Amino acid sequence: MGVKPQMGFNTWNKFGCNINEKLARDTAEAIVEAGLDKLGYVYLNLDDCWQVSRTNDSKIVVDPNTFPSGMKALADYVHSKGLLFGLYSDAGFYTCAGRPGSLGYEEIDAKTYAEWEVDYLKYDNCNDDKTPPEHRYPIMAKALQNSGRSIFFSMCEWGVNTPSDWARSVGNSWRTTYDILDNYPRMMSLAQENEKLWRRAGPGGWNDPDMLEVGNGGMTFEEYKTHFSLWCLMKAPLLIGCDLTKASAETLEILGNKEAIAVNQDALGVQGHRVWSDKGGNKEVDGDVPEGDFEVWAGPLMSGQVAVILLNKSDKPADITASFQDCGLRPNDKVEVRDLWTHKDIGSFTTTYTGKSIPSHGVQFLICTPVFE
């Protein structure tokens with residue numbers, strides 16, 4: 001489980017508590033119709049607000065008004081589309097929206113999810129008993145392992161108690177940040193927070209700076225491309241959070257960028273990170289390159305290529321130069337450069353490459369291929 005970062009859809013960013021089985025079914029159809037499943041977006045995950053109470057024998061009760069057919073029927077429908085099905089719960093007495101949580105009910109809930117043929121659990125951290133997350137999360141992890149079904153465990157404790165230090169042995173991904181919002185400053189803040197933890201991610205366990213906002217309308221096309229590019233390079237989970245039944249061509253262009261997705265899903269599994277900024281060059285402070293207005297991020301790929309992002313955080317277009325040596329390539333090698341958003345080969349370069357007029361809040365996302373002559 002978790003050999004590569006998970007990809008799929010989650011209801012929360014767009015719909016919050018306004019979810020129902022028709023929305024889930026329509027979204028499953030939209031994923032398949034747009035061909036997103038073929039690109040790897042296979043999980044359809046319900047977030048908070050599907051549960052209302054417990055029976056006398058402690059079994060969780062699905063909201064009969066919004067999910068009248070029940071979760072097993074919905075899971076069957078999602079599976080019939082060739083997709084996987086996910087649910088949400090909380091390592092507390094109540095979920096963040098005040099629905100019944102799983103604290104104290106881990107075994108029965110895990111068995112219930114297995115009976116419903118659930119494939120994924122997002123596990124939140126609200127309304128708990130004040131014990132540390134590293135005490136509560138392993139209880140659900142063990143319950144899932146004992147459930148008789150393979151269920152992906154997405155830990156959502158918002159970076160409390162530094163999960164990147166301990167969560168690899170517990171779950172398949174762990175939130176490293178507070179919640180994302182559909183605006184550029186918050187998205188960029190989360191990217192910078194997650195970037196520092198790049199050494200902790202790898203096959204089997206991933207840093208999670210929260211779900212995608214692409215297509216929700218709060219950022220520009222360039223900002224959404226930046227958001228998606230950074231999440232791909234950082235090997236973050238790619239969980240779509242917009243209304244796919246109404247997704248624009250621009251939204252689908254971003255979410256459907258096969259070359260960017262290939263970076264995210266690369267088998268080497270090394271999280272890309274900042275290797276240069278105009279505020280500190282390539283000088284590391286406490287093991288990290290400081291933030292700047294202009295940054296170069298990079299990460300190696302299984303092929304021997306390197307994925308590189310030239311990031312312009314300023315309010316004007318700018319030229320940004322990447323040193324191949326900073327990016328992990330040998331300084332004198334000839335390097336072929338390809339742009340992943342224009343899907344075009346740019347040319348061969350040695351020592352450095354300069355991206356011209358990178359838009360404000362925008363990126364140039366590159367694959368650099370060393371040529372051995």
# chains A, B, ... in the order shown; residues from 1 in each chain; ligands from 1
>>> select_by_dssp(residues="stretch 246-300 of chain A", states="alpha helix (DSSP H)", output="CSV table (one decimal) with C-alpha atoms, in the first residue's frame")
chain,number,residue,atom,x,y,z
A,249,ALA,CA,-11.4,22.6,-20.2
A,250,GLU,CA,-8.6,24.5,-18.4
A,251,THR,CA,-9.2,22.6,-15.1
A,252,LEU,CA,-9.1,19.3,-17.0
A,253,GLU,CA,-6.0,20.4,-18.8
A,254,ILE,CA,-4.2,20.9,-15.5
A,255,LEU,CA,-5.5,17.8,-13.8
A,258,LYS,CA,0.2,13.2,-18.0
A,259,GLU,CA,3.8,14.4,-17.9
A,260,ALA,CA,3.4,16.2,-14.6
A,261,ILE,CA,1.5,13.2,-13.2
A,262,ALA,CA,4.4,10.9,-14.3
A,263,VAL,CA,6.7,13.0,-12.1
A,264,ASN,CA,4.4,12.5,-9.1
>>> select_by_dssp(residues="stretch 157-259 of chain A", states="strand (DSSP E or B)", output="ChimeraX atom specification")
/A:173-175,202,205-208,238-240
>>> residues_around(residues="stretch 108-116 of chain A", least_positions_apart="5", cutoff="10 Å", atoms="only C-alpha atoms", output="number ranges by chain")
A: 57-60, 70-76, 85-87, 89, 101-103, 121, 140-151
>>> closest_residue(among="A:Glu336, A:Glu223, A:Asp165, A:Asp266", to="A:Ser314", atoms="only C-alpha atoms")
A:Glu223
>>> closest_residue(among="A:Met302, A:Leu36, A:Met1, A:Cys96", to="A:Gly204", atoms="only C-alpha atoms")
A:Met1
>>> residues_around(residues="A:Gly304", least_positions_apart="6", cutoff="12 Å", atoms="only C-alpha atoms", output="JSON, numbers by chain")
{"A": [266, 267, 268, 328, 329, 330, 335, 367, 368, 369, 370, 371, 372]}
>>> residues_around(residues="A:Leu197", least_positions_apart="4", cutoff="10 Å", atoms="only C-alpha atoms", output="list of chain:residue names")
A:Thr162, A:Ser164, A:Asp165, A:Thr176, A:Gln192, A:Glu193, A:Ala201, A:Asn207, A:Met234, A:Gln271, A:His273, A:Asp288
>>> atom_distance(atom1="atom CA of A:Asp293", atom2="atom CA of A:Gly347")
26.3 Å
>>> residues_around(residues="A:Asp128", least_positions_apart="2", cutoff="10 Å", atoms="only C-alpha atoms", output="PyMOL selection string")
chain A and resi 90-95+101-103+124-126+130-133+136
>>> write_last_selection(atoms="N, CA and C atoms", output="PDB file, in the first residue's frame")
ATOM      1  N   ASP A  90     -12.691   9.991  12.271  1.00  0.00           N
ATOM      2  CA  ASP A  90     -11.921  10.884  13.133  1.00  0.00           C
ATOM      3  C   ASP A  90     -11.410  10.124  14.345  1.00  0.00           C
ATOM      4  N   ALA A  91     -10.170  10.446  14.746  1.00  0.00           N
ATOM      5  CA  ALA A  91      -9.561   9.840  15.931  1.00  0.00           C
ATOM      6  C   ALA A  91      -9.990  10.580  17.196  1.00  0.00           C
ATOM      7  N   GLY A  92     -11.263  10.964  17.219  1.00  0.00           N
ATOM      8  CA  GLY A  92     -11.839  11.679  18.345  1.00  0.00           C
ATOM      9  C   GLY A  92     -13.250  11.182  18.602  1.00  0.00           C
ATOM     10  N   PHE A  93     -13.902  11.767  19.614  1.00  0.00           N
ATOM     11  CA  PHE A  93     -15.274  11.372  19.939  1.00  0.00           C
ATOM     12  C   PHE A  93     -16.247  11.815  18.845  1.00  0.00           C
ATOM     13  N   TYR A  94     -15.935  12.957  18.227  1.00  0.00           N
ATOM     14  CA  TYR A  94     -16.757  13.487  17.143  1.00  0.00           C
ATOM     15  C   TYR A  94     -15.840  13.921  16.006  1.00  0.00           C
ATOM     16  N   THR A  95     -16.377  13.920  14.796  1.00  0.00           N
ATOM     17  CA  THR A  95     -15.634  14.434  13.649  1.00  0.00           C
ATOM     18  C   THR A  95     -15.560  15.958  13.751  1.00  0.00           C
ATOM     19  N   GLY A 101     -17.389  10.157  15.890  1.00  0.00           N
ATOM     20  CA  GLY A 101     -16.021   9.784  15.559  1.00  0.00           C
ATOM     21  C   GLY A 101     -15.757   8.332  15.907  1.00  0.00           C
ATOM     22  N   SER A 102     -14.518   7.906  15.718  1.00  0.00           N
ATOM     23  CA  SER A 102     -14.168   6.486  15.907  1.00  0.00           C
ATOM     24  C   SER A 102     -13.400   6.200  17.192  1.00  0.00           C
ATOM     25  N   LEU A 103     -13.094   7.226  17.999  1.00  0.00           N
ATOM     26  CA  LEU A 103     -12.322   6.988  19.213  1.00  0.00           C
ATOM     27  C   LEU A 103     -13.074   6.031  20.140  1.00  0.00           C
ATOM     28  N   ASP A 124      -9.258  11.919  10.639  1.00  0.00           N
ATOM     29  CA  ASP A 124      -9.038  13.288  11.108  1.00  0.00           C
ATOM     30  C   ASP A 124      -8.686  13.329  12.596  1.00  0.00           C
ATOM     31  N   ASN A 125      -8.582  14.550  13.162  1.00  0.00           N
ATOM     32  CA  ASN A 125      -7.992  14.704  14.492  1.00  0.00           C
ATOM     33  C   ASN A 125      -8.743  15.697  15.371  1.00  0.00           C
ATOM     34  N   CYS A 126     -10.069  15.796  15.210  1.00  0.00           N
ATOM     35  CA  CYS A 126     -10.856  16.736  16.014  1.00  0.00           C
ATOM     36  C   CYS A 126     -11.450  16.053  17.251  1.00  0.00           C
ATOM     37  N   LYS A 130      -7.410  14.322  24.262  1.00  0.00           N
ATOM     38  CA  LYS A 130      -6.191  15.035  24.680  1.00  0.00           C
ATOM     39  C   LYS A 130      -4.941  14.146  24.738  1.00  0.00           C
ATOM     40  N   THR A 131      -5.071  12.893  24.330  1.00  0.00           N
ATOM     41  CA  THR A 131      -3.856  12.083  24.210  1.00  0.00           C
ATOM     42  C   THR A 131      -3.191  12.400  22.867  1.00  0.00           C
ATOM     43  N   PRO A 132      -1.871  12.226  22.744  1.00  0.00           N
ATOM     44  CA  PRO A 132      -1.192  12.594  21.503  1.00  0.00           C
ATOM     45  C   PRO A 132      -1.660  11.732  20.329  1.00  0.00           C
ATOM     46  N   PRO A 133      -1.608  12.298  19.123  1.00  0.00           N
ATOM     47  CA  PRO A 133      -2.016  11.534  17.938  1.00  0.00           C
ATOM     48  C   PRO A 133      -1.232  10.241  17.766  1.00  0.00           C
ATOM     49  N   ARG A 136      -3.175   7.568  19.402  1.00  0.00           N
ATOM     50  CA  ARG A 136      -4.508   7.223  18.890  1.00  0.00           C
ATOM     51  C   ARG A 136      -4.482   6.614  17.488  1.00  0.00           C
TER      52      ARG A 136
END
>>> residues_around(residues="A:Thr352", least_positions_apart="6", cutoff="8 Å", atoms="only C-alpha atoms", output="PyMOL selection string")
chain A and resi 321-324
>>> closest_residue(among="A:Lys196, A:Leu238, A:Ile180, A:Trp50", to="A:Phe9", atoms="only C-alpha atoms")
A:Leu238
